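> Before I ask anything, let me first share the structure, which is written out below as structure tokens.
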Amino acid sequence: MNNYIAITIGDIKGIGIKIFFETLQNKQIKNTILFTNIRIIEEYIKKNNIGIEINIVNLNNNKINFSDNKLNIYTYKCKSLEENTYKSLKYAYNSCIKKFCIGMITLPLRKDIIIRKIDKKFIGHTEFYQKMDNKIYSNMILYHNKIMISTLTTHIEIKKISNFIKKNNFLYNQILNLNNTLVKDFNIKKPKLIISGLNPHAGENGSIGMEEVEIINPVINKIRKTGILIDGPLSADSILIKKNINKYDCFIFIYHDQALIPFKFISQFTGVNYTGNLNIIRTSPDHGTAYQLIKSKEYSNKSFINCYRLVKKIYKNRLINDLR
């Protein structure tokens with residue numbers, strides 16, 4: 001198995017690809033393969049006066065013609081920038097499934113453009129790879145300096161959350177799979193979890209909503225019977241406090257912004273978005289496309305480097321746990 005890491009092209013007009021090139025040329029990363037149409041990347045290199053040679057890799061045999069001193073790319077045909085972005089996701093995934101690469105870093109893209117021009121059913125990276133992996137469940141895990149935050153629902157409307165979490169043991173399976181991911185991928189033998197409620201102040205015993213009483217509490221009680229250590233549901237505004245940081249391994253929130261708001265404040269855009277419960281290892285930087293930063297010096301490659309390091313860490317942890 002080669003220790004190559006797949007890099008998806010993302011939105012080539014965004015900050016992600018610029019950060020990738022700068023990090024590569026500064027030799028802060030190695031063994032990466034960029035998945036993109038060669039014509040498109042050649043035009044980008046020329047336009048931005050990037051002094052780097054291209055090496056086209058072949059993933060159709062067991063020996064990859066990789067070059068240590070060049071930009072290694074896997075190329076394919078496409079008709080537009082948007083199609084290039086979309087196909088990059090698929091080819092990078094296949095490279096991991098076929099074990100040419102140990103994992104991937106997905107550079108940020110514009111979901112609205114992909115939905116409008118390529119795939120009307122596209123929701124986001126998390127859901128895309130969950131579907132490709134034929135998984136009913138996946139976990140969005142946000143990682144920064146050993147602080148882990150997870151949101152049980154991802155990109156759905158607020159008004160639909162209450163009904164969504166009632167479905168088919170959804171909460172139970174999400175928490176169970178999250179716990180398994182912490183054991184397998186993060187090598188935490190007995191994870192300690194804490195979960196928020198859905199409503200303000202976790203519903204205050206039903207006076208501000210009944211979801212905690214009717215939906216969340218019964219699931220938590222069922223989860224505890226399996227031996228999983230979990231506290232809650234508690235008020236979402238108070239679980240991420242200083243005294244809890246060293247007490248819990250993962251802070252679980254019911255919906256997207258409950259998790260992302262504190263995480264981005266804590267990480268200051270140096271964190272990693274990791275998709276748990278997949279056969280592949282997929283990370284993504286949390287800074288977005290950030291068009292407004294491209295011509296400035298106000299951006300950082302810390303999130304990208306942290307993605308790179310986390311791929312390698314999880315790969316090693318999986319090898320260790322597979323041997324047990």
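We name chains A, B, ... following the order of the structure tokens; residues begin at 1 in each chain, and ligands are numbered from 1 as shown.
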Near segment 299-310 of chain A, counting only C-alpha atoms, which residues have an atom at most 10 Å away, once you skip same-chain residues fewer than 2 positions from it, shown as a PyMOL selection string?
chain A and resi 5-7+15-16+18-20+22-23+28-30+32+103-107+143-145+185-186+267-274+281-287+290+292-297+312-316
> From a DSSP pass on the backbone, collect the residues of segment 34-189 of chain A flagged as strand (DSSP E) and hand them back as an mmCIF file with all heavy atoms, in the first residue's frame.

data_model
loop_
_atom_site.group_PDB
_atom_site.id
_atom_site.type_symbol
_atom_site.label_atom_id
_atom_site.label_comp_id
_atom_site.auth_asym_id
_atom_site.auth_seq_id
_atom_site.Cartn_x
_atom_site.Cartn_y
_atom_site.Cartn_z
ATOM 1 N N LEU A 34 -3.290 15.063 -7.220
ATOM 2 C CA LEU A 34 -4.398 15.979 -7.483
ATOM 3 C C LEU A 34 -5.266 15.403 -8.597
ATOM 4 O O LEU A 34 -4.768 15.021 -9.661
ATOM 5 C CB LEU A 34 -3.859 17.348 -7.897
ATOM 6 C CG LEU A 34 -4.886 18.432 -8.208
ATOM 7 C CD1 LEU A 34 -5.700 18.786 -6.970
ATOM 8 C CD2 LEU A 34 -4.201 19.671 -8.775
ATOM 9 N N PHE A 35 -6.571 15.376 -8.364
ATOM 10 C CA PHE A 35 -7.506 14.827 -9.344
ATOM 11 C C PHE A 35 -8.174 15.968 -10.093
ATOM 12 O O PHE A 35 -8.994 16.703 -9.548
ATOM 13 C CB PHE A 35 -8.537 13.938 -8.641
ATOM 14 C CG PHE A 35 -7.967 12.620 -8.216
ATOM 15 C CD1 PHE A 35 -7.085 12.545 -7.134
ATOM 16 C CD2 PHE A 35 -8.267 11.455 -8.908
ATOM 17 C CE1 PHE A 35 -6.526 11.340 -6.753
ATOM 18 C CE2 PHE A 35 -7.719 10.241 -8.539
ATOM 19 C CZ PHE A 35 -6.839 10.180 -7.446
ATOM 20 N N ILE A 54 4.391 19.004 -14.364
ATOM 21 C CA ILE A 54 3.302 18.053 -14.143
ATOM 22 C C ILE A 54 3.756 16.632 -14.457
ATOM 23 O O ILE A 54 4.451 16.386 -15.446
ATOM 24 C CB ILE A 54 2.076 18.412 -15.007
ATOM 25 C CG1 ILE A 54 1.418 19.694 -14.483
ATOM 26 C CG2 ILE A 54 1.054 17.272 -15.035
ATOM 27 C CD1 ILE A 54 0.267 20.184 -15.344
ATOM 28 N N ASN A 55 3.334 15.715 -13.604
ATOM 29 C CA ASN A 55 3.514 14.293 -13.875
ATOM 30 C C ASN A 55 2.147 13.628 -13.836
ATOM 31 O O ASN A 55 1.427 13.717 -12.840
ATOM 32 C CB ASN A 55 4.417 13.650 -12.817
ATOM 33 C CG ASN A 55 4.519 12.143 -12.999
ATOM 34 O OD1 ASN A 55 4.942 11.671 -14.047
ATOM 35 N ND2 ASN A 55 4.132 11.399 -11.972
ATOM 36 N N ILE A 56 1.766 12.985 -14.930
ATOM 37 C CA ILE A 56 0.477 12.299 -14.984
ATOM 38 C C ILE A 56 0.651 10.889 -14.443
ATOM 39 O O ILE A 56 1.482 10.120 -14.938
ATOM 40 C CB ILE A 56 -0.071 12.252 -16.425
ATOM 41 C CG1 ILE A 56 -0.307 13.667 -16.934
ATOM 42 C CG2 ILE A 56 -1.371 11.450 -16.484
ATOM 43 C CD1 ILE A 56 -0.761 13.741 -18.390
ATOM 44 N N LEU A 71 4.222 17.967 -9.816
ATOM 45 C CA LEU A 71 2.810 17.937 -9.451
ATOM 46 C C LEU A 71 2.214 16.670 -10.030
ATOM 47 O O LEU A 71 2.099 16.535 -11.255
ATOM 48 C CB LEU A 71 2.089 19.166 -10.004
ATOM 49 C CG LEU A 71 0.559 19.144 -9.924
ATOM 50 C CD1 LEU A 71 0.092 19.156 -8.476
ATOM 51 C CD2 LEU A 71 -0.042 20.310 -10.703
ATOM 52 N N ASN A 72 1.852 15.740 -9.190
ATOM 53 C CA ASN A 72 1.268 14.487 -9.648
ATOM 54 C C ASN A 72 -0.237 14.653 -9.793
ATOM 55 O O ASN A 72 -0.924 15.021 -8.842
ATOM 56 C CB ASN A 72 1.584 13.373 -8.660
ATOM 57 C CG ASN A 72 3.053 13.028 -8.655
ATOM 58 O OD1 ASN A 72 3.548 12.304 -9.506
ATOM 59 N ND2 ASN A 72 3.781 13.575 -7.675
ATOM 60 N N ILE A 73 -0.737 14.417 -10.992
ATOM 61 C CA ILE A 73 -2.173 14.535 -11.212
ATOM 62 C C ILE A 73 -2.727 13.279 -11.878
ATOM 63 O O ILE A 73 -2.032 12.582 -12.613
ATOM 64 C CB ILE A 73 -2.550 15.775 -12.058
ATOM 65 C CG1 ILE A 73 -2.157 15.593 -13.534
ATOM 66 C CG2 ILE A 73 -1.947 17.037 -11.500
ATOM 67 C CD1 ILE A 73 -2.867 16.556 -14.452
ATOM 68 N N TYR A 74 -3.988 13.016 -11.553
ATOM 69 C CA TYR A 74 -4.748 12.009 -12.278
ATOM 70 C C TYR A 74 -5.744 12.790 -13.120
ATOM 71 O O TYR A 74 -6.542 13.560 -12.593
ATOM 72 C CB TYR A 74 -5.479 11.079 -11.312
ATOM 73 C CG TYR A 74 -6.320 10.035 -12.026
ATOM 74 C CD1 TYR A 74 -5.748 8.837 -12.448
ATOM 75 C CD2 TYR A 74 -7.653 10.274 -12.291
ATOM 76 C CE1 TYR A 74 -6.511 7.887 -13.112
ATOM 77 C CE2 TYR A 74 -8.421 9.332 -12.961
ATOM 78 C CZ TYR A 74 -7.843 8.143 -13.364
ATOM 79 O OH TYR A 74 -8.596 7.212 -14.040
ATOM 80 N N GLY A 103 -6.229 7.882 1.650
ATOM 81 C CA GLY A 103 -7.336 8.744 2.035
ATOM 82 C C GLY A 103 -7.367 9.966 1.134
ATOM 83 O O GLY A 103 -6.573 10.075 0.200
ATOM 84 N N MET A 104 -8.273 10.884 1.441
ATOM 85 C CA MET A 104 -8.406 12.055 0.582
ATOM 86 C C MET A 104 -8.644 13.327 1.380
ATOM 87 O O MET A 104 -9.121 13.305 2.514
ATOM 88 C CB MET A 104 -9.555 11.865 -0.409
ATOM 89 C CG MET A 104 -10.933 11.914 0.229
ATOM 90 S SD MET A 104 -12.248 12.056 -1.011
ATOM 91 C CE MET A 104 -12.321 10.367 -1.584
ATOM 92 N N ILE A 105 -8.272 14.438 0.735
ATOM 93 C CA ILE A 105 -8.621 15.772 1.215
ATOM 94 C C ILE A 105 -9.472 16.409 0.129
ATOM 95 O O ILE A 105 -9.025 16.527 -1.019
ATOM 96 C CB ILE A 105 -7.381 16.642 1.469
ATOM 97 C CG1 ILE A 105 -6.442 15.963 2.462
ATOM 98 C CG2 ILE A 105 -7.801 18.031 1.967
ATOM 99 C CD1 ILE A 105 -5.103 16.672 2.616
ATOM 100 N N THR A 106 -10.696 16.787 0.471
ATOM 101 C CA THR A 106 -11.569 17.425 -0.508
ATOM 102 C C THR A 106 -11.483 18.934 -0.348
ATOM 103 O O THR A 106 -11.847 19.479 0.696
ATOM 104 C CB THR A 106 -13.030 16.965 -0.349
ATOM 105 O OG1 THR A 106 -13.481 17.231 0.986
ATOM 106 C CG2 THR A 106 -13.160 15.475 -0.628
ATOM 107 N N ASN A 139 -21.126 10.155 9.763
ATOM 108 C CA ASN A 139 -21.002 11.146 10.834
ATOM 109 C C ASN A 139 -20.121 12.309 10.408
ATOM 110 O O ASN A 139 -18.989 12.094 9.960
ATOM 111 C CB ASN A 139 -20.404 10.511 12.088
ATOM 112 C CG ASN A 139 -21.256 9.398 12.656
ATOM 113 O OD1 ASN A 139 -20.953 8.224 12.479
ATOM 114 N ND2 ASN A 139 -22.328 9.759 13.324
ATOM 115 N N MET A 140 -20.638 13.527 10.540
ATOM 116 C CA MET A 140 -19.814 14.706 10.347
ATOM 117 C C MET A 140 -19.099 14.988 11.657
ATOM 118 O O MET A 140 -19.728 15.293 12.670
ATOM 119 C CB MET A 140 -20.650 15.920 9.936
ATOM 120 C CG MET A 140 -19.813 17.180 9.713
ATOM 121 S SD MET A 140 -20.801 18.667 9.333
ATOM 122 C CE MET A 140 -21.237 18.316 7.630
ATOM 123 N N ILE A 141 -17.780 14.860 11.636
ATOM 124 C CA ILE A 141 -16.965 15.054 12.835
ATOM 125 C C ILE A 141 -16.017 16.222 12.589
ATOM 126 O O ILE A 141 -15.280 16.243 11.603
ATOM 127 C CB ILE A 141 -16.170 13.781 13.173
ATOM 128 C CG1 ILE A 141 -17.125 12.608 13.435
ATOM 129 C CG2 ILE A 141 -15.256 14.014 14.377
ATOM 130 C CD1 ILE A 141 -16.438 11.273 13.590
ATOM 131 N N LEU A 142 -16.038 17.184 13.484
ATOM 132 C CA LEU A 142 -15.201 18.372 13.378
ATOM 133 C C LEU A 142 -14.073 18.244 14.402
ATOM 134 O O LEU A 142 -14.327 18.048 15.594
ATOM 135 C CB LEU A 142 -16.033 19.621 13.632
ATOM 136 C CG LEU A 142 -17.313 19.673 12.769
ATOM 137 C CD1 LEU A 142 -18.306 20.666 13.332
ATOM 138 C CD2 LEU A 142 -16.982 19.992 11.324
ATOM 139 N N TYR A 143 -12.827 18.353 13.929
ATOM 140 C CA TYR A 143 -11.666 18.027 14.754
ATOM 141 C C TYR A 143 -10.700 19.204 14.822
ATOM 142 O O TYR A 143 -10.342 19.796 13.810
ATOM 143 C CB TYR A 143 -10.968 16.809 14.149
ATOM 144 C CG TYR A 143 -9.746 16.323 14.892
ATOM 145 C CD1 TYR A 143 -9.860 15.421 15.948
ATOM 146 C CD2 TYR A 143 -8.476 16.758 14.521
ATOM 147 C CE1 TYR A 143 -8.734 14.958 16.614
ATOM 148 C CE2 TYR A 143 -7.344 16.301 15.186
ATOM 149 C CZ TYR A 143 -7.478 15.401 16.234
ATOM 150 O OH TYR A 143 -6.372 14.951 16.899
ATOM 151 N N HIS A 144 -10.289 19.545 16.056
ATOM 152 C CA HIS A 144 -9.304 20.616 16.243
ATOM 153 C C HIS A 144 -8.578 20.403 17.560
ATOM 154 O O HIS A 144 -9.188 20.454 18.636
ATOM 155 C CB HIS A 144 -9.999 21.986 16.254
ATOM 156 C CG HIS A 144 -9.063 23.108 16.621
ATOM 157 N ND1 HIS A 144 -8.092 23.570 15.765
ATOM 158 C CD2 HIS A 144 -8.956 23.853 17.753
ATOM 159 C CE1 HIS A 144 -7.435 24.564 16.354
ATOM 160 N NE2 HIS A 144 -7.933 24.750 17.554
ATOM 161 N N ILE A 147 -10.047 18.339 20.220
ATOM 162 C CA ILE A 147 -11.451 18.623 20.516
ATOM 163 C C ILE A 147 -12.275 18.121 19.344
ATOM 164 O O ILE A 147 -12.018 18.475 18.192
ATOM 165 C CB ILE A 147 -11.694 20.128 20.716
ATOM 166 C CG1 ILE A 147 -10.981 20.618 21.976
ATOM 167 C CG2 ILE A 147 -13.199 20.427 20.820
ATOM 168 C CD1 ILE A 147 -11.091 22.110 22.206
ATOM 169 N N MET A 148 -13.264 17.262 19.640
ATOM 170 C CA MET A 148 -14.120 16.732 18.586
ATOM 171 C C MET A 148 -15.575 17.100 18.837
ATOM 172 O O MET A 148 -16.078 16.955 19.942
ATOM 173 C CB MET A 148 -13.954 15.219 18.475
ATOM 174 C CG MET A 148 -12.722 14.827 17.706
ATOM 175 S SD MET A 148 -12.580 13.048 17.451
ATOM 176 C CE MET A 148 -11.926 12.556 19.047
ATOM 177 N N ILE A 149 -16.182 17.580 17.773
ATOM 178 C CA ILE A 149 -17.580 17.990 17.805
ATOM 179 C C ILE A 149 -18.281 17.281 16.655
ATOM 180 O O ILE A 149 -17.735 17.190 15.552
ATOM 181 C CB ILE A 149 -17.706 19.520 17.643
ATOM 182 C CG1 ILE A 149 -17.036 20.226 18.831
ATOM 183 C CG2 ILE A 149 -19.160 19.952 17.534
ATOM 184 C CD1 ILE A 149 -16.929 21.737 18.667
ATOM 185 N N SER A 150 -19.484 16.783 16.896
ATOM 186 C CA SER A 150 -20.216 16.099 15.837
ATOM 187 C C SER A 150 -21.659 16.575 15.800
ATOM 188 O O SER A 150 -22.277 16.787 16.840
ATOM 189 C CB SER A 150 -20.178 14.582 16.042
ATOM 190 O OG SER A 150 -20.800 13.910 14.961
ATOM 191 N N THR A 151 -22.168 16.764 14.600
ATOM 192 C CA THR A 151 -23.575 17.103 14.424
ATOM 193 C C THR A 151 -24.304 15.885 13.863
ATOM 194 O O THR A 151 -23.857 15.287 12.880
ATOM 195 C CB THR A 151 -23.752 18.320 13.501
ATOM 196 O OG1 THR A 151 -25.136 18.494 13.207
ATOM 197 C CG2 THR A 151 -22.976 18.180 12.198
#
> If you run DSSP on the backbone here, which positions in segment 233-309 of chain A get alpha helix (DSSP H)? Please write them as a PDB file with C-alpha atoms, in the first residue's frame.

ATOM      1  CA  LYS A 242     -13.889  24.738  29.933  1.00  0.00           C
ATOM      2  CA  LYS A 243     -14.435  22.087  32.621  1.00  0.00           C
ATOM      3  CA  ASN A 244     -15.879  19.693  30.015  1.00  0.00           C
ATOM      4  CA  ILE A 245     -13.023  19.910  27.483  1.00  0.00           C
ATOM      5  CA  HIS A 256     -25.592  21.696  11.931  1.00  0.00           C
ATOM      6  CA  ASP A 257     -25.244  25.239  13.296  1.00  0.00           C
ATOM      7  CA  GLN A 258     -25.344  24.123  16.931  1.00  0.00           C
ATOM      8  CA  ALA A 259     -22.043  22.382  16.160  1.00  0.00           C
ATOM      9  CA  LEU A 260     -20.447  24.604  13.534  1.00  0.00           C
ATOM     10  CA  ILE A 261     -20.806  27.931  15.355  1.00  0.00           C
ATOM     11  CA  PRO A 262     -18.744  26.971  18.434  1.00  0.00           C
ATOM     12  CA  PHE A 263     -16.345  24.874  16.357  1.00  0.00           C
ATOM     13  CA  LYS A 264     -15.416  27.699  13.984  1.00  0.00           C
ATOM     14  CA  PHE A 265     -14.976  30.051  16.918  1.00  0.00           C
ATOM     15  CA  ILE A 266     -12.688  27.565  18.668  1.00  0.00           C
ATOM     16  CA  SER A 267     -10.715  26.496  15.590  1.00  0.00           C
ATOM     17  CA  LYS A 302      -3.152  25.342   8.803  1.00  0.00           C
ATOM     18  CA  SER A 303      -6.536  23.719   8.152  1.00  0.00           C
ATOM     19  CA  PHE A 304      -5.203  22.002   5.009  1.00  0.00           C
ATOM     20  CA  ILE A 305      -2.084  20.749   6.799  1.00  0.00           C
ATOM     21  CA  ASN A 306      -4.244  19.491   9.667  1.00  0.00           C
ATOM     22  CA  CYS A 307      -6.354  17.568   7.125  1.00  0.00           C
ATOM     23  CA  TYR A 308      -3.192  16.006   5.728  1.00  0.00           C
ATOM     24  CA  ARG A 309      -1.994  14.981   9.184  1.00  0.00           C
TER      25      ARG A 309
END
> Have a look at A:Arg110, A:Glu211, A:Asn65, A:Ile194 and name the one nearest to Ile165 of chain A; count only C-alpha atoms.
A:Glu211
> Write out as an NGL selection string the residues lying within 12 Å of Arg224 of chain A, counting only C-alpha atoms and excluding same-chain residues fewer than 4 positions away.
:A and (172 or 175-176 or 179 or 192-194 or 217-220 or 228-232)
> Skip segment 78-86 of chain A itself and residues of its chain fewer than 4 positions away, then list as a ChimeraX atom specification all residues within 10 Å of it, counting only C-alpha atoms.
/A:8-13,35-40,90-91,107-110,113-119,122
> Would you pick out the contacts of Asn279 of chain A at 10 Å or less, using only C-alpha atoms, so that residues sharing its chain but fewer than 4 positions from it are not included, and give the list as a ChimeraX atom specification?
/A:96-97,103,129-130,133-135
> Could you take the residues named above and write them with N, CA, C and O atoms, as a short mmCIF file (atom, residue, chain, number, x, y, z; two decimals), in the first residue's frame?

data_model
loop_
_atom_site.label_atom_id
_atom_site.label_comp_id
_atom_site.auth_asym_id
_atom_site.auth_seq_id
_atom_site.Cartn_x
_atom_site.Cartn_y
_atom_site.Cartn_z
N CYS A 96 -9.25 5.67 -3.52
CA CYS A 96 -9.17 5.20 -2.12
C CYS A 96 -9.76 3.80 -1.97
O CYS A 96 -9.20 2.96 -1.26
N ILE A 97 -10.89 3.57 -2.61
CA ILE A 97 -11.52 2.25 -2.55
C ILE A 97 -10.60 1.17 -3.12
O ILE A 97 -10.50 0.06 -2.59
N GLY A 103 -6.23 7.88 1.65
CA GLY A 103 -7.34 8.74 2.04
C GLY A 103 -7.37 9.97 1.13
O GLY A 103 -6.57 10.08 0.20
N TYR A 129 -20.44 11.24 -0.29
CA TYR A 129 -19.61 10.06 -0.04
C TYR A 129 -20.35 8.99 0.75
O TYR A 129 -20.05 7.80 0.63
N GLN A 130 -21.31 9.40 1.54
CA GLN A 130 -22.16 8.42 2.21
C GLN A 130 -22.90 7.58 1.17
O GLN A 130 -22.99 6.35 1.30
N ASP A 133 -20.52 5.31 -0.79
CA ASP A 133 -20.05 4.22 0.07
C ASP A 133 -21.18 3.24 0.43
O ASP A 133 -20.97 2.29 1.18
N ASN A 134 -22.37 3.53 -0.11
CA ASN A 134 -23.55 2.69 0.16
C ASN A 134 -23.85 2.57 1.65
O ASN A 134 -24.19 1.49 2.15
N LYS A 135 -23.70 3.67 2.37
CA LYS A 135 -23.96 3.69 3.80
C LYS A 135 -25.27 4.43 4.08
O LYS A 135 -25.56 5.46 3.48
#
> Could you jot down the atom CA of Leu178 of chain A to atom CA of Tyr93 of chain A separation for me, Å, one decimal place?
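Straight-line distance from atom CA of Leu178 of chain A to atom CA of Tyr93 of chain A works out to 21.2 Å.
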> Within 9 Å of Phe164 of chain A, counting only C-alpha atoms, which residues qualify if same-chain residues fewer than 6 places away don't, as a list in words?
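Using only C-alpha atoms, the neighbours found are Thr153, Ile156 and Phe170 of chain A.
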> Write a file of the just-selected residues containing N, CA and C atoms, as a JSON list (two decimals), in the first residue's frame.

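Contents of out_23.json, freshly written:
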[["chain", "number", "residue", "atom", "x", "y", "z"],
["A", 153, "THR", "N", -27.45, 15.65, 12.56],
["A", 153, "THR", "CA", -28.06, 15.97, 11.27],
["A", 153, "THR", "C", -27.16, 16.99, 10.59],
["A", 156, "ILE", "N", -30.01, 20.01, 6.50],
["A", 156, "ILE", "CA", -31.47, 19.96, 6.35],
["A", 156, "ILE", "C", -32.08, 21.20, 7.00],
["A", 170, "PHE", "N", -32.81, 6.63, 13.84],
["A", 170, "PHE", "CA", -31.78, 7.53, 13.31],
["A", 170, "PHE", "C", -30.79, 7.95, 14.38]]
> Give me the residues near Ile254 of chain A as a count of residues only, where near means some atom within 8 Å (using only C-alpha atoms) and where sequence neighbours in that chain fewer than 6 positions away do not count.
7
> Which residue, A:Val213, A:Lys189, A:Lys225, A:Ile136, has the smallest gap to Asn168 of chain A when you use only C-alpha atoms?
A:Ile136
